[in-house]
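Shown below: work-v2.cif, with mmCIF, C-alpha atoms.
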data_upload
loop_
_atom_site.group_PDB
_atom_site.id
_atom_site.type_symbol
_atom_site.label_atom_id
_atom_site.label_comp_id
_atom_site.auth_asym_id
_atom_site.auth_seq_id
_atom_site.Cartn_x
_atom_site.Cartn_y
_atom_site.Cartn_z
ATOM 1 C CA MET A 11 0.000 0.000 0.000
ATOM 2 C CA SER A 12 1.153 3.471 -0.620
ATOM 3 C CA ARG A 13 -0.105 6.991 -0.505
ATOM 4 C CA GLY A 14 -1.312 8.642 -3.679
ATOM 5 C CA ARG A 15 1.114 11.136 -5.153
ATOM 6 C CA GLY A 16 -0.828 14.330 -5.578
ATOM 7 C CA SER A 17 -2.763 13.190 -8.614
ATOM 8 C CA ALA A 18 -5.717 15.012 -10.103
ATOM 9 C CA PHE A 19 -9.181 13.503 -9.981
ATOM 10 C CA SER A 20 -9.803 11.007 -12.752
ATOM 11 C CA ALA A 21 -12.760 9.536 -14.629
ATOM 12 C CA THR A 22 -13.478 6.092 -15.935
ATOM 13 C CA ARG A 23 -12.976 5.583 -19.655
ATOM 14 C CA PRO A 24 -16.093 4.634 -21.671
ATOM 15 C CA GLY A 25 -16.150 1.040 -22.778
ATOM 16 C CA ARG A 26 -14.135 -0.307 -19.856
ATOM 17 C CA PHE A 27 -15.397 -3.039 -17.558
ATOM 18 C CA GLY A 28 -18.247 -1.810 -15.388
ATOM 19 C CA SER A 29 -18.102 1.602 -17.003
ATOM 20 C CA GLY A 30 -21.004 3.918 -16.471
ATOM 21 C CA PRO A 31 -21.092 7.516 -15.331
ATOM 22 C CA ARG A 32 -17.819 9.383 -14.945
ATOM 23 C CA SER A 33 -16.174 8.559 -11.649
ATOM 24 C CA GLY A 34 -13.595 10.120 -9.363
ATOM 25 C CA SER A 35 -10.855 7.752 -8.185
ATOM 26 C CA TYR A 36 -9.453 7.739 -4.662
ATOM 27 C CA VAL A 37 -6.942 5.629 -2.770
ATOM 28 C CA TYR A 38 -7.385 4.612 0.861
ATOM 29 C CA VAL A 39 -4.655 6.158 2.992
ATOM 30 C CA HIS A 40 -3.691 5.048 6.437
ATOM 31 C CA ASP A 41 -0.139 4.270 7.396
ATOM 32 C CA LEU A 42 0.718 0.594 7.096
ATOM 33 C CA GLN A 43 4.213 -0.623 7.754
ATOM 34 C CA LEU A 44 5.010 -4.274 7.179
ATOM 35 C CA ASP A 45 8.640 -3.894 6.256
ATOM 36 C CA VAL A 46 9.674 -6.531 8.801
ATOM 37 C CA PHE A 47 7.833 -9.806 9.390
ATOM 38 C CA PRO A 48 8.590 -10.997 12.943
ATOM 39 C CA PHE A 49 6.430 -14.097 12.705
ATOM 40 C CA GLU A 50 6.577 -14.714 16.450
ATOM 41 C CA PHE A 51 4.893 -11.332 16.804
ATOM 42 C CA VAL A 52 2.200 -11.881 14.185
ATOM 43 C CA ARG A 53 1.012 -15.157 15.656
ATOM 44 C CA VAL A 54 -1.876 -13.344 17.230
ATOM 45 C CA ARG A 55 -4.449 -14.996 19.441
ATOM 46 C CA SER A 56 -7.521 -16.475 17.775
ATOM 47 C CA SER A 57 -9.699 -13.860 19.462
ATOM 48 C CA THR A 58 -8.415 -11.304 16.948
ATOM 49 C CA VAL A 59 -9.608 -13.235 13.889
ATOM 50 C CA VAL A 60 -12.121 -11.148 11.957
ATOM 51 C CA TYR A 61 -14.110 -14.078 10.569
ATOM 52 C CA THR A 62 -15.855 -14.953 13.809
ATOM 53 C CA PRO A 63 -19.658 -15.160 13.740
ATOM 54 C CA THR A 64 -21.435 -11.889 14.424
ATOM 55 C CA ARG A 65 -25.063 -11.025 14.930
ATOM 56 C CA HIS A 66 -25.138 -9.846 11.326
ATOM 57 C CA ALA A 67 -23.623 -13.119 10.123
ATOM 58 C CA ARG A 68 -26.209 -15.121 12.041
ATOM 59 C CA ALA A 69 -28.975 -12.969 10.588
ATOM 60 C CA MET A 70 -27.584 -13.650 7.129
ATOM 61 C CA ALA A 71 -28.306 -17.349 7.602
ATOM 62 C CA GLY A 72 -32.035 -16.937 6.937
ATOM 63 C CA ASN A 73 -34.047 -17.464 3.780
ATOM 64 C CA LEU A 74 -35.960 -14.173 3.852
ATOM 65 C CA PRO A 75 -35.250 -11.640 1.087
ATOM 66 C CA LEU A 76 -32.373 -9.342 1.921
ATOM 67 C CA THR A 77 -32.883 -5.928 3.445
ATOM 68 C CA PHE A 78 -30.950 -2.969 2.059
ATOM 69 C CA ASN A 79 -28.626 -2.915 5.072
ATOM 70 C CA GLN A 80 -28.028 -6.675 4.877
ATOM 71 C CA ALA A 81 -27.112 -6.403 1.205
ATOM 72 C CA VAL A 82 -24.679 -3.540 1.801
ATOM 73 C CA ARG A 83 -23.034 -5.173 4.811
ATOM 74 C CA GLY A 84 -22.964 -8.562 3.097
ATOM 75 C CA VAL A 85 -21.236 -7.188 -0.001
ATOM 76 C CA ALA A 86 -18.772 -5.196 2.110
ATOM 77 C CA GLU A 87 -17.950 -8.236 4.241
ATOM 78 C CA PHE A 88 -17.349 -10.300 1.107
ATOM 79 C CA ILE A 89 -14.994 -7.643 -0.292
ATOM 80 C CA GLU A 90 -12.980 -7.815 2.940
ATOM 81 C CA VAL A 91 -12.681 -11.602 2.711
ATOM 82 C CA ALA A 92 -11.808 -11.345 -0.989
ATOM 83 C CA ILE A 93 -9.011 -8.837 -0.348
ATOM 84 C CA HIS A 94 -7.346 -11.228 2.097
ATOM 85 C CA THR A 95 -7.757 -14.026 -0.449
ATOM 86 C CA ILE A 96 -6.245 -11.949 -3.260
ATOM 87 C CA LEU A 97 -3.201 -11.035 -1.170
ATOM 88 C CA TYR A 98 -2.665 -14.698 -0.321
ATOM 89 C CA VAL A 99 -3.271 -16.170 -3.775
ATOM 90 C CA ARG A 100 -1.136 -13.571 -5.558
ATOM 91 C CA GLN A 101 1.600 -13.910 -2.903
ATOM 92 C CA VAL A 102 1.850 -10.201 -2.176
ATOM 93 C CA TYR A 103 3.024 -11.235 1.297
ATOM 94 C CA PRO A 104 4.662 -14.476 2.468
ATOM 95 C CA PRO A 105 2.288 -17.443 2.921
ATOM 96 C CA ASP A 106 3.306 -17.699 6.587
ATOM 97 C CA LEU A 107 1.541 -14.403 7.196
ATOM 98 C CA PHE A 108 -1.838 -16.077 6.577
ATOM 99 C CA VAL A 109 -3.938 -18.587 8.465
ATOM 100 C CA ARG A 110 -6.532 -20.946 7.010
ATOM 101 C CA ARG A 111 -10.154 -20.289 8.012
ATOM 102 C CA ARG A 112 -13.632 -21.035 6.681
ATOM 103 C CA LYS A 113 -16.111 -18.534 5.330
ATOM 104 C CA TYR A 114 -19.232 -19.101 3.221
ATOM 105 C CA ASP A 115 -18.654 -22.817 3.752
ATOM 106 C CA THR A 116 -15.346 -22.781 1.888
ATOM 107 C CA PRO A 117 -11.679 -22.548 2.974
ATOM 108 C CA VAL A 118 -10.215 -19.036 2.936
ATOM 109 C CA PHE A 119 -6.941 -17.483 4.050
ATOM 110 C CA GLN A 120 -6.800 -14.502 6.351
ATOM 111 C CA SER A 121 -3.848 -12.323 7.263
ATOM 112 C CA ARG A 122 -2.814 -12.689 10.888
ATOM 113 C CA HIS A 123 -0.839 -9.456 10.984
ATOM 114 C CA PRO A 124 -2.799 -6.960 13.126
ATOM 115 C CA ALA A 125 -1.657 -3.899 11.166
ATOM 116 C CA LEU A 126 -2.638 -5.389 7.815
ATOM 117 C CA ASN A 127 -5.997 -6.561 9.172
ATOM 118 C CA GLU A 128 -6.676 -3.104 10.577
ATOM 119 C CA TYR A 129 -5.788 -1.449 7.277
ATOM 120 C CA ILE A 130 -8.104 -3.705 5.253
ATOM 121 C CA ALA A 131 -10.949 -3.431 7.778
ATOM 122 C CA GLY A 132 -10.628 0.359 7.812
ATOM 123 C CA ALA A 133 -10.756 0.546 4.026
ATOM 124 C CA VAL A 134 -13.810 -1.710 3.869
ATOM 125 C CA LYS A 135 -15.545 0.364 6.558
ATOM 126 C CA ALA A 136 -14.920 3.488 4.470
ATOM 127 C CA VAL A 137 -16.235 1.680 1.365
ATOM 128 C CA THR A 138 -19.358 0.658 3.293
ATOM 129 C CA ASP A 139 -20.074 4.275 4.166
ATOM 130 C CA GLU A 140 -20.024 5.210 0.474
ATOM 131 C CA LEU A 141 -21.929 2.090 -0.619
ATOM 132 C CA THR A 142 -24.750 3.035 1.735
ATOM 133 C CA LEU A 143 -25.094 6.298 -0.187
ATOM 134 C CA GLY A 144 -25.242 4.480 -3.526
ATOM 135 C CA THR A 145 -22.343 6.433 -5.047
ATOM 136 C CA VAL A 146 -19.810 3.617 -5.560
ATOM 137 C CA ASP A 147 -18.863 2.651 -9.093
ATOM 138 C CA LYS A 148 -15.919 0.354 -8.383
ATOM 139 C CA VAL A 149 -13.636 -0.859 -5.629
ATOM 140 C CA VAL A 150 -10.258 -1.782 -7.098
ATOM 141 C CA VAL A 151 -7.472 -3.783 -5.465
ATOM 142 C CA VAL A 152 -4.295 -2.946 -7.374
ATOM 143 C CA ILE A 153 -1.223 -5.146 -7.096
ATOM 144 C CA LYS A 154 1.787 -3.034 -7.965
ATOM 145 C CA THR A 155 5.557 -2.921 -8.030
ATOM 146 C CA ALA A 156 7.770 -1.011 -5.620
ATOM 147 C CA ASP A 157 7.952 1.856 -8.138
ATOM 148 C CA GLU A 158 4.146 2.140 -8.396
ATOM 149 C CA LYS A 159 3.693 0.232 -11.670
ATOM 150 C CA PRO A 160 0.324 -1.583 -11.706
ATOM 151 C CA LEU A 161 0.483 -5.302 -12.466
ATOM 152 C CA GLU A 162 -3.057 -6.522 -11.810
ATOM 153 C CA ARG A 163 -6.340 -4.870 -10.934
ATOM 154 C CA PHE A 164 -9.062 -6.820 -9.160
ATOM 155 C CA ILE A 165 -12.160 -4.808 -10.008
ATOM 156 C CA PHE A 166 -15.314 -5.039 -7.904
ATOM 157 C CA ALA A 167 -17.949 -3.242 -9.998
ATOM 158 C CA LEU A 168 -20.951 -2.205 -7.904
ATOM 159 C CA ARG A 169 -24.334 -0.719 -8.697
ATOM 160 C CA ASN A 170 -27.245 0.086 -6.413
ATOM 161 C CA THR A 171 -30.392 -0.899 -8.305
ATOM 162 C CA LEU A 172 -32.887 0.919 -6.095
ATOM 163 C CA GLN A 173 -33.211 3.747 -3.628
ATOM 164 C CA VAL A 174 -34.527 2.892 -0.165
ATOM 165 C CA GLU A 175 -35.718 5.388 2.400
ATOM 166 C CA SER A 176 -33.753 5.341 5.648
ATOM 167 C CA TYR A 177 -36.721 4.045 7.655
ATOM 168 C CA ASN A 178 -37.042 1.046 5.290
ATOM 169 C CA LYS A 179 -33.419 -0.077 5.157
ATOM 170 C CA ASP A 180 -34.002 -2.929 7.612
ATOM 171 C CA THR A 181 -37.115 -4.175 5.797
ATOM 172 C CA SER A 182 -36.855 -7.134 3.399
ATOM 173 C CA VAL A 183 -36.933 -6.021 -0.243
ATOM 174 C CA GLU A 184 -39.417 -7.852 -2.435
ATOM 175 C CA GLY A 185 -37.613 -9.621 -5.275
ATOM 176 C CA ALA A 186 -34.208 -9.614 -3.567
ATOM 177 C CA ILE A 187 -32.343 -12.869 -3.114
ATOM 178 C CA SER A 188 -32.059 -14.438 0.316
ATOM 179 C CA ALA A 189 -29.061 -14.207 2.596
ATOM 180 C CA ALA A 190 -28.478 -17.940 2.211
ATOM 181 C CA SER A 191 -28.386 -17.610 -1.586
ATOM 182 C CA LEU A 192 -25.990 -14.667 -1.350
ATOM 183 C CA GLY A 193 -23.618 -16.769 0.721
ATOM 184 C CA GLN A 194 -23.658 -19.461 -1.960
ATOM 185 C CA TYR A 195 -22.771 -16.891 -4.616
ATOM 186 C CA PHE A 196 -19.906 -15.596 -2.499
ATOM 187 C CA ARG A 197 -18.661 -19.153 -2.080
ATOM 188 C CA SER A 198 -18.439 -19.522 -5.870
ATOM 189 C CA PHE A 199 -16.603 -16.177 -6.120
ATOM 190 C CA LEU A 200 -13.986 -17.359 -3.631
ATOM 191 C CA VAL A 201 -13.575 -20.773 -5.244
ATOM 192 C CA LYS A 202 -12.806 -19.080 -8.552
ATOM 193 C CA LEU A 203 -10.456 -16.592 -6.883
ATOM 194 C CA SER A 204 -8.535 -19.417 -5.242
ATOM 195 C CA MET A 205 -7.824 -20.893 -8.686
ATOM 196 C CA ILE A 206 -7.022 -17.617 -10.456
ATOM 197 C CA GLU A 207 -3.283 -18.314 -10.536
ATOM 198 C CA ALA A 208 -3.891 -20.938 -13.225
ATOM 199 C CA GLN A 209 -5.046 -18.114 -15.508
ATOM 200 C CA LEU A 210 -2.735 -15.320 -14.379
ATOM 201 C CA GLY A 211 0.461 -17.221 -13.656
ATOM 202 C CA GLN A 212 2.784 -16.364 -10.793
ATOM 203 C CA LEU A 213 4.176 -12.919 -10.103
ATOM 204 C CA TYR A 214 7.933 -13.428 -10.060
ATOM 205 C CA LEU A 215 8.748 -9.991 -8.672
ATOM 206 C CA ASP A 216 10.110 -8.798 -5.355
ATOM 207 C CA ASP A 217 8.716 -5.969 -3.224
ATOM 208 C CA LEU A 218 5.107 -6.295 -4.345
ATOM 209 C CA SER A 219 2.545 -4.088 -2.644
ATOM 210 C CA PHE A 220 -1.090 -3.188 -3.126
ATOM 211 C CA ALA A 221 -3.544 -0.320 -2.908
ATOM 212 C CA ILE A 222 -7.302 -0.182 -2.348
ATOM 213 C CA LEU A 223 -8.990 2.302 -4.672
ATOM 214 C CA LEU A 224 -12.519 3.675 -4.630
ATOM 215 C CA GLU A 225 -14.088 4.975 -7.841
ATOM 216 C CA LEU A 226 -17.254 7.008 -7.400
ATOM 217 C CA GLU A 227 -19.970 7.958 -9.864
ATOM 218 C CA ASP A 228 -20.350 11.413 -11.384
ATOM 219 C CA ASP A 229 -16.971 12.751 -10.231
ATOM 220 C CA ARG A 230 -18.195 12.812 -6.645
ATOM 221 C CA ALA A 231 -15.875 13.161 -3.677
ATOM 222 C CA PRO A 232 -16.059 10.610 -0.843
ATOM 223 C CA SER A 233 -18.491 11.829 1.790
ATOM 224 C CA ALA A 234 -16.047 11.199 4.648
ATOM 225 C CA SER A 235 -13.520 13.578 3.090
ATOM 226 C CA THR A 236 -15.822 16.557 3.719
ATOM 227 C CA ASP A 237 -15.631 16.319 7.534
ATOM 228 C CA PRO A 238 -13.064 18.901 8.701
ATOM 229 C CA LYS A 239 -12.792 17.234 12.121
ATOM 230 C CA GLU A 240 -11.428 13.948 10.773
ATOM 231 C CA PRO A 241 -8.469 13.203 8.475
ATOM 232 C CA PRO A 242 -9.832 11.962 5.143
ATOM 233 C CA PRO A 243 -9.531 8.196 4.629
ATOM 234 C CA TRP A 244 -9.379 8.776 0.864
ATOM 235 C CA ILE A 245 -7.166 10.999 -1.268
ATOM 236 C CA PRO A 246 -7.199 11.350 -5.089
ATOM 237 C CA ALA A 247 -5.531 8.313 -6.609
ATOM 238 C CA SER A 248 -2.557 8.285 -8.932
ATOM 239 C CA THR A 249 -4.094 7.900 -12.400
ATOM 240 C CA PRO A 250 -1.868 4.990 -13.580
ATOM 241 C CA LEU A 251 -3.266 2.853 -10.767
ATOM 242 C CA THR A 252 -6.911 3.527 -11.624
ATOM 243 C CA THR A 253 -9.085 1.976 -14.312
ATOM 244 C CA VAL A 254 -8.713 5.142 -16.371
ATOM 245 C CA GLY A 255 -4.982 4.427 -16.465
ATOM 246 C CA THR A 256 -5.551 1.102 -18.181
ATOM 247 C CA GLY A 257 -3.476 0.578 -21.316
ATOM 248 C CA ASP A 258 -5.127 -0.556 -24.539
ATOM 249 C CA ALA A 259 -3.284 -3.893 -24.458
ATOM 250 C CA ALA A 260 -4.503 -4.819 -20.955
ATOM 251 C CA GLU A 261 -6.425 -8.088 -20.700
ATOM 252 C CA LEU A 262 -9.630 -8.481 -18.692
ATOM 253 C CA ARG A 263 -10.976 -11.742 -17.255
ATOM 254 C CA MET A 264 -14.414 -12.040 -15.686
ATOM 255 C CA VAL A 265 -14.554 -13.962 -12.417
ATOM 256 C CA ARG A 266 -18.205 -13.904 -11.302
ATOM 257 C CA ALA A 267 -21.272 -11.696 -10.964
ATOM 258 C CA VAL A 268 -24.364 -11.613 -8.770
ATOM 259 C CA ASP A 269 -27.587 -9.609 -8.925
ATOM 260 C CA THR A 270 -28.893 -9.360 -5.371
ATOM 261 C CA GLY A 271 -31.903 -7.290 -6.343
ATOM 262 C CA ILE A 272 -30.470 -4.403 -4.300
ATOM 263 C CA VAL A 273 -26.753 -4.105 -5.007
ATOM 264 C CA ASN A 274 -25.294 -5.730 -8.108
ATOM 265 C CA LEU A 275 -21.721 -6.975 -7.857
ATOM 266 C CA SER A 276 -19.351 -8.261 -10.514
ATOM 267 C CA LEU A 277 -15.685 -9.140 -10.157
ATOM 268 C CA ALA A 278 -13.063 -9.125 -12.887
ATOM 269 C CA VAL A 279 -9.277 -9.231 -12.895
ATOM 270 C CA GLN A 280 -7.261 -7.155 -15.315
ATOM 271 C CA GLU A 281 -3.654 -7.834 -16.256
ATOM 272 C CA SER A 282 -1.962 -4.533 -16.999
ATOM 273 C CA GLU A 283 -0.142 -3.718 -20.194
ATOM 274 C CA TYR A 284 3.020 -3.290 -18.115
ATOM 275 C CA LYS A 285 2.757 -6.830 -16.713
ATOM 276 C CA LEU A 286 2.066 -8.362 -20.133
ATOM 277 C CA ASN A 287 5.062 -6.541 -21.626
ATOM 278 C CA LEU A 288 7.268 -7.854 -18.822
ATOM 279 C CA GLU A 289 6.130 -11.395 -19.601
ATOM 280 C CA LYS A 290 6.837 -10.922 -23.310
ATOM 281 C CA GLU A 291 10.312 -9.601 -22.583
ATOM 282 C CA SER A 292 10.987 -12.494 -20.217
ATOM 283 C CA GLY A 293 9.797 -14.990 -22.831
ATOM 284 C CA SER A 294 11.965 -13.434 -25.531
ATOM 285 C CA LYS A 295 15.059 -13.586 -23.328
ATOM 286 C CA GLY A 296 14.320 -17.218 -22.532
ATOM 287 C CA LYS A 297 14.099 -18.123 -26.208
ATOM 288 C CA GLN A 298 17.361 -16.307 -26.938
ATOM 289 C CA LYS A 299 19.155 -18.274 -24.228
ATOM 290 C CA ALA A 300 17.726 -21.537 -25.551
ATOM 291 C CA THR A 301 19.078 -20.849 -29.034
#
Can the structure in the file be given as structure tokens, please?
Amino acid sequence: MSRGRGSAFSATRPGRFGSGPRSGSYVYVHDLQLDVFPFEFVRVRSSTVVYTPTRHARAMAGNLPLTFNQAVRGVAEFIEVAIHTILYVRQVYPPDLFVRRRKYDTPVFQSRHPALNEYIAGAVKAVTDELTLGTVDKVVVVIKTADEKPLERFIFALRNTLQVESYNKDTSVEGAISAASLGQYFRSFLVKLSMIEAQLGQLYLDDLSFAILLELEDDRAPSASTDPKEPPPWIPASTPLTTVGTGDAAELRMVRAVDTGIVNLSLAVQESEYKLNLEKESGSKGKQKAT
């Protein structure tokens, strides 16, 4: 993770995955330092694991149609689990930093480093605040090099399909899927994510890092950034990291999509032009050595 570098606001390019209205792009900023991995230190007690059952999780076990708040919290919770999974599967951090758990009735891997967990949870909380307002276009997890070159973008495209009055947000929405069905969809998302390396190959680079980006509709600014009493969790993102910075040669792969009847979610992974060029150069050098 890194701080944005004073970039101007950006807009999504028409024709890109999940493109719709113009959107401002922001990166989540809170200091995270994982330069040293003292594994004795990061073996935290099980009480700190974020995937423990909560009242919300128990409520999600029913077969009633989702409420607006259940849909928002359910999607946000899934994004948090998916971020941990992405970091593990793409080996952004050493495998020993993760512990095996179960979520949505499938094995998942969760970071056991308190600082990393806090960073991800904070970003997801900030995303949830914006998702409640219906302004989110995309949440993007960018895997990047030490010099800020994007390698892969995991793009969570989101769209609120209806407006619900505040007094109705805990009322089941007619036509929405059930919480149990949503959990089954999320299980299929995670199963596909766990096998994504077969399509993307390994990242044979040192000093990988990542950033969590928020792209909002209609060039809006994140609501939290307007509170003068609190430091903003989001700052304008560096354009090369955003979806507007996508090169023409980038390749996009769909992972899964779900229509909840309240919030639609689709996930795709994009290999950047920079990554693909690196692979071509590596392949050319290999052929030259072979001859």
Legend entry - Residue among A:His94, A:Val85, A:Glu158, A:Val150 lying closest to A:Ala267, counting only C-alpha atoms: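 Between A:His94, A:Val85, A:Glu158, A:Val150, the residue approaching A:Ala267 most closely is A:Val85.
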Could you give me, as a CSV table (one decimal) with C-alpha atoms, in the coordinates of the input, the residues that sit within 10 Å of (-30.0, -4.9, 3.6) in the file's coordinates, counting only C-alpha atoms?
chain,number,residue,atom,x,y,z
A,70,MET,CA,-27.6,-13.6,7.1
A,75,PRO,CA,-35.2,-11.6,1.1
A,76,LEU,CA,-32.4,-9.3,1.9
A,77,THR,CA,-32.9,-5.9,3.4
A,78,PHE,CA,-31.0,-3.0,2.1
A,79,ASN,CA,-28.6,-2.9,5.1
A,80,GLN,CA,-28.0,-6.7,4.9
A,81,ALA,CA,-27.1,-6.4,1.2
A,82,VAL,CA,-24.7,-3.5,1.8
A,83,ARG,CA,-23.0,-5.2,4.8
A,84,GLY,CA,-23.0,-8.6,3.1
A,85,VAL,CA,-21.2,-7.2,0.0
A,142,THR,CA,-24.8,3.0,1.7
A,174,VAL,CA,-34.5,2.9,-0.2
A,178,ASN,CA,-37.0,1.0,5.3
A,179,LYS,CA,-33.4,-0.1,5.2
A,180,ASP,CA,-34.0,-2.9,7.6
A,181,THR,CA,-37.1,-4.2,5.8
A,182,SER,CA,-36.9,-7.1,3.4
A,183,VAL,CA,-36.9,-6.0,-0.2
A,186,ALA,CA,-34.2,-9.6,-3.6
A,189,ALA,CA,-29.1,-14.2,2.6
A,272,ILE,CA,-30.5,-4.4,-4.3
A,273,VAL,CA,-26.8,-4.1,-5.0
Inset, instruction - To one decimal in Å, tell me the separation between atom CA of A:Gly257 and atom CA of A:Ile130. - result: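 For atom CA of A:Gly257 relative to atom CA of A:Ile130, the distance reads 27.3 Å.
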Legend entry - Å distance separating atom CA of A:Val265 from atom CA of A:Ala125, one decimal place: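 Rounded to one decimal, the two atoms are 28.7 Å apart.
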Legend entry - Residues near stretch 277-280 of chain A, cut-off 7 Å, only C-alpha atoms, skip fewer than 4 positions along chain, as a PyMOL selection string: chain A and resi 162-167+260-267
Inset, instruction - Identify, on the basis of only C-alpha atoms, every residue whose closest approach to A:Val109 does not exceed 8 Å; exclude the query and any residue fewer than 5 positions from it along the same chain; express the result as number ranges by chain. - result: A: 119-122
Those selected residues, please, written with C-alpha atoms and delivered as an mmCIF file, keeping the file's coordinate frame.
data_model
loop_
_atom_site.group_PDB
_atom_site.id
_atom_site.type_symbol
_atom_site.label_atom_id
_atom_site.label_comp_id
_atom_site.auth_asym_id
_atom_site.auth_seq_id
_atom_site.Cartn_x
_atom_site.Cartn_y
_atom_site.Cartn_z
ATOM 1 C CA PHE A 119 -6.941 -17.483 4.050
ATOM 2 C CA GLN A 120 -6.800 -14.502 6.351
ATOM 3 C CA SER A 121 -3.848 -12.323 7.263
ATOM 4 C CA ARG A 122 -2.814 -12.689 10.888
#
Inset, instruction - Work out how far atom CA of A:Leu215 is from atom CA of A:Glu281, in Å to one decimal. - result: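 So the answer is 14.7 Å.
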Legend entry - From A:Ser188, A:Ser233, A:Gln194, A:Thr145, residue lying nearest A:Leu74 [all atoms listed in the file]: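 Closest candidate: A:Ser188.
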Legend entry - Nearest to A:Asn287, chosen from A:Val268, A:Leu161, A:Leu224, A:Glu207, with all atoms listed in the file counted in the distances: A:Leu161
Legend entry - Contact residues around A:Leu218 with all atoms listed in the file at 6 Å, ignoring same-chain residues under 4 positions, as a list in words: Val102, Lys154 and Thr155 of chain A
Could the residues in this selection be saved with C-alpha atoms as a PDB file, keeping the file's coordinate frame?
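Everything below was put into selection-v9.pdb:
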ATOM      1  CA  VAL A 102       1.850 -10.201  -2.176  1.00  0.00           C
ATOM      2  CA  LYS A 154       1.787  -3.034  -7.965  1.00  0.00           C
ATOM      3  CA  THR A 155       5.557  -2.921  -8.030  1.00  0.00           C
TER       4      THR A 155
END
Legend entry - Residue nearest A:Leu143 among A:Met205, A:Asp216, A:Ile96, A:Glu227 (counting all atoms listed in the file): A:Glu227
Inset, instruction - Translate the PyMOL selection byres ((chain A and resi 140) around 12), as applied to the file shown, into an explicit residue set as a ChimeraX atom specification. - result: /A:82-83,86,133-139,141-149,168-170,224-227,230-235,243-244
Inset, instruction - Go through A:Glu90, A:Glu175, A:Asp157, A:Asp228 and flag the residue nearest A:Phe196, using all atoms listed in the file for the distances. - result: A:Glu90
Six-sided padding of 6 Å per side, axis-aligned box over stretch 277-281 of chain A, centre and edges in Å, one decimal, as JSON:
{"center_x": -9.7, "center_y": -8.2, "center_z": -13.2, "size_x": 24.0, "size_y": 14.1, "size_z": 18.1}
Legend entry - Among listed residues A:Glu128, A:Asp229, A:Asp106, A:Asp217, nearest A:Ala156 (using all atoms listed in the file): A:Asp217
Legend entry - A:Leu223 surroundings by all atoms listed in the file, 8 Å radius, close-in-sequence under 2 positions cut, as a ChimeraX atom specification: /A:35-38,149-152,221,225,247,252
